[in-house]
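Input: a single structure, listed below in structure tokens.
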Amino acid sequence: MKVLSALVAVAVLVLIAAIGTGLAPLQYVFGVVVPYAAFAVFVAGFVYRVAKWAKSAVPYRIPTTCGQQKSLDWVKHSKLEAPHTTGQVVVRMLLEVFLFRSLFRNTRTNLEDDDDGGKKLVYTSSKWLWLGGITFHLAFFTIVLRHLRFFTEPVPFLVQSVEGVDGFFQMTLPALYQTDLVIVGALTYLFLRRLFDPKVRYISLANDYFPLLLILSIAATGILMRHVWRVDVVGIKELAMGLASFSPTVPDGIGTLFYIHLFLVSTLVAYFPFSKLMHLAGVFMSPTRNLPNNSREVHHVNPWNYDVKVHTYAEYEDEFREVMKAAELPVEKE
Amino acid sequence: MNKRGEMLTGLVIAVFLVLVLSPILYNFAVGNARSVPDLKPPPGGEKQCVESKEWMRGNHMQLLFDWRETVVREGNRTYRASDGKEYNMSLTSECLSCHTNKDEFCDQCHDYLKVKPYCWDCHIVPPKENA
């Protein structure tokens with residue numbers, strides 16, 4: 001089963017790191033070699049994918065629109081739904097990226113009883129997926145930002161303030177981050193939705209379950225390190241700073257749990273460019289989102305059009321004018 | 001690919017690289033990658049912390065949390081450590097009686113990781129005697 005294979009894959013990853021650093025002395029491999037390799041794959045793979053997308057042909061405008069396009073002045077133009085200038089495209093893109101506008105329009109189809117004892121088809125707004133998606137993404141973003149405290153010295157002010165806001169409620173020591181609760185809740189919802197909604201389950205593949213389970217395990221190991229089986233955070237920052245300044249060191253006594261966490265993150269990062277997670281760049285590269293809807297305003301010439309030899313009517317008339325006149329056919333020019 | 005496409009691709013790749021490499025660039029430009037906390041043992045000459053040093057490094061906040069709960073909620077002020085020694089559960093008069101210099105002990109680590117324990121909003125840091 002697809003869920004099971006994803007689950008097994010994550011479990012195997014955990015075991016590899018646990019054995020590699022818990023039973024074998026491979027701290028350097030899991031602390032330095034693997035993260036560097038994963039980072040290199042991530043950067044190169046990401047650039048490669050974007051460059052490859054950029055090469056595909058986009059001969060005409062194919063934006064997805066859901067509003068009145070720019071027309072005569074007295075027809076009300078829907079600027080966000082059918083943008084016709086680059087500025088409007090940028091605004092629409094920003095709203096899409098930060099607020100997931102198109103997902104907000106999500107509907108679900110139901111059969112409901114009608115008054116005559118029959119059934120009728122109704123469409124209702126469905127916001128749960130949007131809510132799960134956006135809370136997950138915002139929490140993930142905050143967590144990534146917060147982690148910069150391990151990679152910078154001195155820690156920039158922005159990172160410090162994020163940290164303070166995130167631990168606002170000052171529950172437990174060290175302070176519980178709200179985003180930790182949010183990300184686990186959102187991921188659990190997104191995962192259960194795939195499992196228990198028969199329609200979504202039918203179209204879900206192992207590579208839909210895998211990222212969810214992988215990120216969930218990353219969050220879980222992170223939370224465990226902070227609140228249950230604590231690790232030497234100062235040592236971890238030394239390791240992270242070594243990585244970020246290209247003078248890697250591996251301090252002794254950092255717990256195995258940390259290496260499991262790091263190995264899972266390395267896997268995620270290396271897997272990223274080759275997976276559906278590339279929608280991070282894909283959203284900007286997709287012609288249905290990044291093109292203005294101006295097909296009727298601007299003449300778009302297909303860039304690889306064959307140079308067709310044409311014989312226009314004017315040329316035709318020039319050629320045959322005398323003959324046409326002789327046959328008393330009407331001509332445009334005398 | 002037309003002009004527009006080229007610009008967009010360039011922009012996406014450039015923004016990506018800047019974001020992903022920003023910690024490295026930051027450390028290279030303004031950072032101080034090699035500064036690591038350099039902790040001094042307590043000036044009073046004590047040799048042993050409340051619990052083992054390795055455990056304290058990771059778990060001192062948990063210990064303090066438990067101390068606070070036990071004192072404030074249960075009114076019990078005596079802590080029996082795993083080696084059988086007894087301690088008075090107090091942030092200021094126990095921890096800081098050995099680690100007399102908070103700035104150079106607690107705060108060195110905390111500054112390194114930008115943790116700001118809010119305890120000192122209420123609890124007093126004993127004034128340094130020979131400062």
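FYI, nothing fancy with the structure tokens labels: chains A, B, ... in order, residues from 1 per chain, ligands from 1 as they appear.
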
* With a distance cut-off of 10 Å and only C-alpha atoms, select the neighbouring residues of region 86-98 of chain B, excluding the residue or stretch itself and same-chain residues fewer than 3 positions from it, and output the selection as number ranges by chain. => B: 41-50, 63-64, 66-68, 70-71, 76-83, 101-102, 105-106, 119-120, 123-126

* Please return, as a PyMOL selection string, all residues of chain A lying within 8 Å of chain B when only C-alpha atoms are considered. => chain A and resi 43+47+50-51+54-58+148-155+160+172-174+230-234+237-238+241-242+244-245+281+284-285

* To do: Do a neighbour search on Phe98 (chain A) at 12 Å with only C-alpha atoms, toss out local chain neighbours closer than 4 positions, and write the hits as a list of chain:residue names.
  => A:Val91, A:Arg92, A:Met93, A:Leu94, A:Ser102, A:Leu103, A:Phe104, A:Trp130, A:Gly133, A:Ile134, A:Thr135, A:His137, A:Leu138, A:Phe141, A:Leu280, A:Val283

* Asked: Got a sec: who's within 7 Å of region 2-10 of chain A, counting only C-alpha atoms, leaving out chain neighbours fewer than 5 positions off, as an NGL selection string?
  -> :A and (205-206 or 209-210 or 213-214)

Writer output for current selection, all heavy atoms, as a PDB file, in the first residue's frame:
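Output file again_28.pdb is given in full below:
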ATOM      1  N   LEU A 205      -0.648   9.233  -4.077  1.00  0.00           N
ATOM      2  CA  LEU A 205       0.451   8.317  -4.376  1.00  0.00           C
ATOM      3  C   LEU A 205       1.415   8.290  -3.205  1.00  0.00           C
ATOM      4  O   LEU A 205       1.340   9.120  -2.304  1.00  0.00           O
ATOM      5  CB  LEU A 205       1.205   8.787  -5.622  1.00  0.00           C
ATOM      6  CG  LEU A 205       0.347   8.969  -6.871  1.00  0.00           C
ATOM      7  CD1 LEU A 205       1.163   9.613  -7.967  1.00  0.00           C
ATOM      8  CD2 LEU A 205      -0.183   7.624  -7.324  1.00  0.00           C
ATOM      9  N   ALA A 206       2.365   7.353  -3.272  1.00  0.00           N
ATOM     10  CA  ALA A 206       3.370   7.302  -2.202  1.00  0.00           C
ATOM     11  C   ALA A 206       4.090   8.638  -2.083  1.00  0.00           C
ATOM     12  O   ALA A 206       4.395   9.088  -0.987  1.00  0.00           O
ATOM     13  CB  ALA A 206       4.358   6.182  -2.485  1.00  0.00           C
ATOM     14  N   TYR A 209       2.235  10.966   0.218  1.00  0.00           N
ATOM     15  CA  TYR A 209       2.328  10.667   1.649  1.00  0.00           C
ATOM     16  C   TYR A 209       3.729  10.932   2.186  1.00  0.00           C
ATOM     17  O   TYR A 209       3.897  11.388   3.307  1.00  0.00           O
ATOM     18  CB  TYR A 209       1.976   9.204   1.913  1.00  0.00           C
ATOM     19  CG  TYR A 209       0.550   8.841   1.614  1.00  0.00           C
ATOM     20  CD1 TYR A 209       0.227   8.002   0.563  1.00  0.00           C
ATOM     21  CD2 TYR A 209      -0.488   9.341   2.401  1.00  0.00           C
ATOM     22  CE1 TYR A 209      -1.082   7.663   0.293  1.00  0.00           C
ATOM     23  CE2 TYR A 209      -1.808   9.013   2.129  1.00  0.00           C
ATOM     24  CZ  TYR A 209      -2.104   8.171   1.073  1.00  0.00           C
ATOM     25  OH  TYR A 209      -3.390   7.845   0.811  1.00  0.00           O
ATOM     26  N   PHE A 210       4.730  10.617   1.363  1.00  0.00           N
ATOM     27  CA  PHE A 210       6.106  10.675   1.857  1.00  0.00           C
ATOM     28  C   PHE A 210       6.500  12.048   2.401  1.00  0.00           C
ATOM     29  O   PHE A 210       6.970  12.138   3.543  1.00  0.00           O
ATOM     30  CB  PHE A 210       7.073  10.184   0.773  1.00  0.00           C
ATOM     31  CG  PHE A 210       8.509  10.220   1.184  1.00  0.00           C
ATOM     32  CD1 PHE A 210       8.978   9.401   2.203  1.00  0.00           C
ATOM     33  CD2 PHE A 210       9.408  11.081   0.566  1.00  0.00           C
ATOM     34  CE1 PHE A 210      10.301   9.440   2.591  1.00  0.00           C
ATOM     35  CE2 PHE A 210      10.733  11.125   0.941  1.00  0.00           C
ATOM     36  CZ  PHE A 210      11.176  10.299   1.961  1.00  0.00           C
ATOM     37  N   LEU A 213       4.777  12.705   5.761  1.00  0.00           N
ATOM     38  CA  LEU A 213       5.309  11.926   6.873  1.00  0.00           C
ATOM     39  C   LEU A 213       6.726  12.359   7.217  1.00  0.00           C
ATOM     40  O   LEU A 213       7.107  12.411   8.390  1.00  0.00           O
ATOM     41  CB  LEU A 213       5.283  10.438   6.520  1.00  0.00           C
ATOM     42  CG  LEU A 213       3.873   9.840   6.475  1.00  0.00           C
ATOM     43  CD1 LEU A 213       3.916   8.411   5.994  1.00  0.00           C
ATOM     44  CD2 LEU A 213       3.233   9.923   7.845  1.00  0.00           C
ATOM     45  N   LEU A 214       7.491  12.709   6.183  1.00  0.00           N
ATOM     46  CA  LEU A 214       8.871  13.134   6.426  1.00  0.00           C
ATOM     47  C   LEU A 214       8.885  14.426   7.249  1.00  0.00           C
ATOM     48  O   LEU A 214       9.594  14.534   8.258  1.00  0.00           O
ATOM     49  CB  LEU A 214       9.578  13.339   5.086  1.00  0.00           C
ATOM     50  CG  LEU A 214      11.066  13.666   5.132  1.00  0.00           C
ATOM     51  CD1 LEU A 214      11.832  12.531   5.782  1.00  0.00           C
ATOM     52  CD2 LEU A 214      11.612  13.912   3.736  1.00  0.00           C
TER      53      LEU A 214
END

Give me the residues near region 77-82 of chain A as a compact mmCIF listing (two decimals) with all heavy atoms, in the first residue's frame, where near means some atom within 7 Å (using only C-alpha atoms) and where sequence neighbours in that chain fewer than 2 positions away do not count.
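Output contents, as saved in out.txt:
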# COMPACT_ATOMS: atom_id res chain seq x y z
N THR A 65 -8.15 32.38 -15.90
CA THR A 65 -8.84 33.59 -15.47
C THR A 65 -10.19 33.20 -14.92
O THR A 65 -10.70 32.12 -15.21
CB THR A 65 -9.08 34.53 -16.65
OG1 THR A 65 -9.87 33.83 -17.61
CG2 THR A 65 -7.78 34.95 -17.27
N CYS A 66 -10.74 34.04 -14.08
CA CYS A 66 -12.11 33.78 -13.64
C CYS A 66 -12.79 35.12 -13.39
O CYS A 66 -13.39 35.33 -12.37
CB CYS A 66 -12.15 32.89 -12.43
SG CYS A 66 -10.91 33.29 -11.23
N GLY A 67 -12.61 36.03 -14.35
CA GLY A 67 -13.26 37.33 -14.23
C GLY A 67 -13.25 38.00 -15.59
O GLY A 67 -12.62 37.50 -16.53
N GLN A 68 -13.92 39.14 -15.67
CA GLN A 68 -14.03 39.86 -16.93
C GLN A 68 -12.67 40.36 -17.38
O GLN A 68 -11.98 41.04 -16.62
CB GLN A 68 -15.00 41.03 -16.76
CG GLN A 68 -15.08 41.95 -17.94
CD GLN A 68 -15.57 41.26 -19.19
OE1 GLN A 68 -16.56 40.53 -19.17
NE2 GLN A 68 -14.85 41.44 -20.30
N GLN A 69 -12.29 40.04 -18.58
CA GLN A 69 -11.01 40.54 -19.07
C GLN A 69 -11.15 42.00 -19.47
O GLN A 69 -12.25 42.53 -19.66
CB GLN A 69 -10.52 39.72 -20.24
CG GLN A 69 -11.27 39.94 -21.53
CD GLN A 69 -10.52 39.35 -22.72
OE1 GLN A 69 -9.39 39.71 -22.99
NE2 GLN A 69 -11.14 38.41 -23.39
N LYS A 70 -10.01 42.66 -19.64
CA LYS A 70 -9.97 44.07 -20.04
C LYS A 70 -10.65 44.20 -21.40
O LYS A 70 -10.31 43.50 -22.35
CB LYS A 70 -8.51 44.50 -20.12
CG LYS A 70 -8.30 45.88 -20.65
CD LYS A 70 -8.67 46.92 -19.62
CE LYS A 70 -8.42 48.31 -20.17
NZ LYS A 70 -9.34 49.30 -19.58
N SER A 71 -11.64 45.10 -21.46
CA SER A 71 -12.38 45.25 -22.71
C SER A 71 -12.63 46.73 -22.93
O SER A 71 -11.81 47.55 -22.58
CB SER A 71 -13.68 44.44 -22.61
OG SER A 71 -14.47 44.62 -23.73
N VAL A 75 -17.03 48.41 -19.81
CA VAL A 75 -17.19 47.05 -19.26
C VAL A 75 -16.25 46.93 -18.08
O VAL A 75 -15.05 47.19 -18.20
CB VAL A 75 -16.84 45.98 -20.32
CG1 VAL A 75 -17.00 44.60 -19.74
CG2 VAL A 75 -17.70 46.16 -21.55
N HIS A 84 -4.22 42.29 -16.89
CA HIS A 84 -3.74 42.51 -18.26
C HIS A 84 -2.44 43.30 -18.31
O HIS A 84 -1.92 43.54 -19.38
CB HIS A 84 -4.84 43.15 -19.13
CG HIS A 84 -4.91 44.64 -19.05
ND1 HIS A 84 -4.77 45.45 -20.14
CD2 HIS A 84 -5.11 45.45 -18.00
CE1 HIS A 84 -4.87 46.72 -19.76
NE2 HIS A 84 -5.08 46.73 -18.47
N GLN A 88 -0.51 44.03 -12.49
CA GLN A 88 -1.65 43.27 -11.98
C GLN A 88 -1.28 41.80 -11.80
O GLN A 88 -1.73 41.15 -10.85
CB GLN A 88 -2.84 43.40 -12.93
CG GLN A 88 -3.42 44.81 -12.94
CD GLN A 88 -4.35 45.06 -14.12
OE1 GLN A 88 -4.60 44.18 -14.93
NE2 GLN A 88 -4.83 46.29 -14.20
N ARG A 92 -1.56 39.71 -8.30
CA ARG A 92 -2.27 38.44 -8.22
C ARG A 92 -1.35 37.33 -7.73
O ARG A 92 -1.73 36.50 -6.90
CB ARG A 92 -2.86 38.06 -9.60
CG ARG A 92 -3.55 36.72 -9.56
CD ARG A 92 -4.45 36.50 -10.73
NE ARG A 92 -3.83 35.76 -11.80
CZ ARG A 92 -4.47 34.83 -12.52
NH1 ARG A 92 -5.73 34.56 -12.28
NH2 ARG A 92 -3.85 34.21 -13.48
N ASN A 293 -3.33 38.49 -19.17
CA ASN A 293 -4.37 38.06 -20.11
C ASN A 293 -4.58 39.18 -21.13
O ASN A 293 -5.54 39.93 -21.06
CB ASN A 293 -5.65 37.80 -19.32
CG ASN A 293 -6.77 37.33 -20.21
OD1 ASN A 293 -6.52 36.74 -21.25
ND2 ASN A 293 -7.99 37.62 -19.81

* What are the DSSP strand (DSSP E or B) residues of region 13-229 of chain A, as a list of chain:residue names? ->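 Matching residues, listed in order: A:Thr107, A:Arg108, A:Thr109, A:Asn110, A:Leu111, A:Glu112, A:Asp113, A:Lys119, A:Lys120, A:Leu121, A:Val122, A:Tyr123, A:Thr124, A:Ser125.
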
Using the selection just defined, write its residues with N, CA and C atoms as a short mmCIF file (atom, residue, chain, number, x, y, z; two decimals), in the first residue's frame.
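See part38.cif below for the written result:
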data_model
loop_
_atom_site.label_atom_id
_atom_site.label_comp_id
_atom_site.auth_asym_id
_atom_site.auth_seq_id
_atom_site.Cartn_x
_atom_site.Cartn_y
_atom_site.Cartn_z
N THR A 107 -14.32 24.25 -3.77
CA THR A 107 -15.72 23.87 -3.50
C THR A 107 -15.81 22.37 -3.39
N ARG A 108 -16.84 21.89 -2.76
CA ARG A 108 -17.08 20.46 -2.81
C ARG A 108 -18.47 20.18 -3.35
N THR A 109 -18.62 19.03 -3.95
CA THR A 109 -19.86 18.66 -4.62
C THR A 109 -20.62 17.70 -3.72
N ASN A 110 -21.89 18.00 -3.50
CA ASN A 110 -22.70 17.12 -2.66
C ASN A 110 -24.01 16.80 -3.35
N LEU A 111 -24.60 15.66 -2.99
CA LEU A 111 -25.98 15.36 -3.39
C LEU A 111 -26.83 15.60 -2.16
N GLU A 112 -27.83 16.47 -2.32
CA GLU A 112 -28.70 16.74 -1.17
C GLU A 112 -30.14 16.42 -1.53
N ASP A 113 -30.96 16.15 -0.52
CA ASP A 113 -32.38 15.90 -0.77
C ASP A 113 -33.04 17.18 -1.26
N LYS A 119 -32.99 13.91 -5.40
CA LYS A 119 -31.69 14.44 -5.01
C LYS A 119 -31.35 15.62 -5.92
N LYS A 120 -30.60 16.55 -5.36
CA LYS A 120 -30.10 17.61 -6.22
C LYS A 120 -28.61 17.81 -5.95
N LEU A 121 -27.94 18.32 -6.99
CA LEU A 121 -26.49 18.52 -6.92
C LEU A 121 -26.22 19.92 -6.37
N VAL A 122 -25.45 20.00 -5.28
CA VAL A 122 -25.11 21.34 -4.77
C VAL A 122 -23.60 21.46 -4.59
N TYR A 123 -23.12 22.66 -4.79
CA TYR A 123 -21.71 22.95 -4.57
C TYR A 123 -21.59 23.84 -3.35
N THR A 124 -20.78 23.45 -2.40
CA THR A 124 -20.61 24.29 -1.23
C THR A 124 -19.15 24.66 -1.08
N SER A 125 -18.93 25.81 -0.45
CA SER A 125 -17.58 26.26 -0.23
C SER A 125 -16.90 25.33 0.77
#

* To do: Assign secondary structure with DSSP using the backbone only, and return the residues of region 33-125 of chain B in alpha helix (DSSP H) as an MDAnalysis selection string.
  => chainID B and resid 53:74 96:98 106:113

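Between CA of Lys127 (chain A) and CA of Gly185 (chain A) there is a distance of 15.9 Å.
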
* Atom pair CA of Lys3 (chain B) / CA of Leu291 (chain A): separation (Å) ->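 So the two atoms, CA of Lys3 (chain B) and CA of Leu291 (chain A), lie 12.8 Å apart.
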
* How far is it from CA of Tyr177 (chain A) to CA of Gly222 (chain A), in Å with one decimal? -> 11.3 Å

* To do: Mind checking which residues fall within 12 Å of region 29-35 of chain A, counting only C-alpha atoms, ignoring those fewer than 5 positions away in the same chain, and posting them as an MDAnalysis selection string?
  => chainID A and resid 13:14 16:22 24 40:42 235:244 246:252 254:270

* **Contacts of Arg49 (chain A) within 10 Å, only C-alpha atoms, excl. fewer than 5 positions in-chain, as a list of chain:residue names** =>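 In the requested format, the answer is A:Ala44, A:Ala54, A:Pro273, A:Phe274, A:Met278, A:Ala281, A:Gly282.
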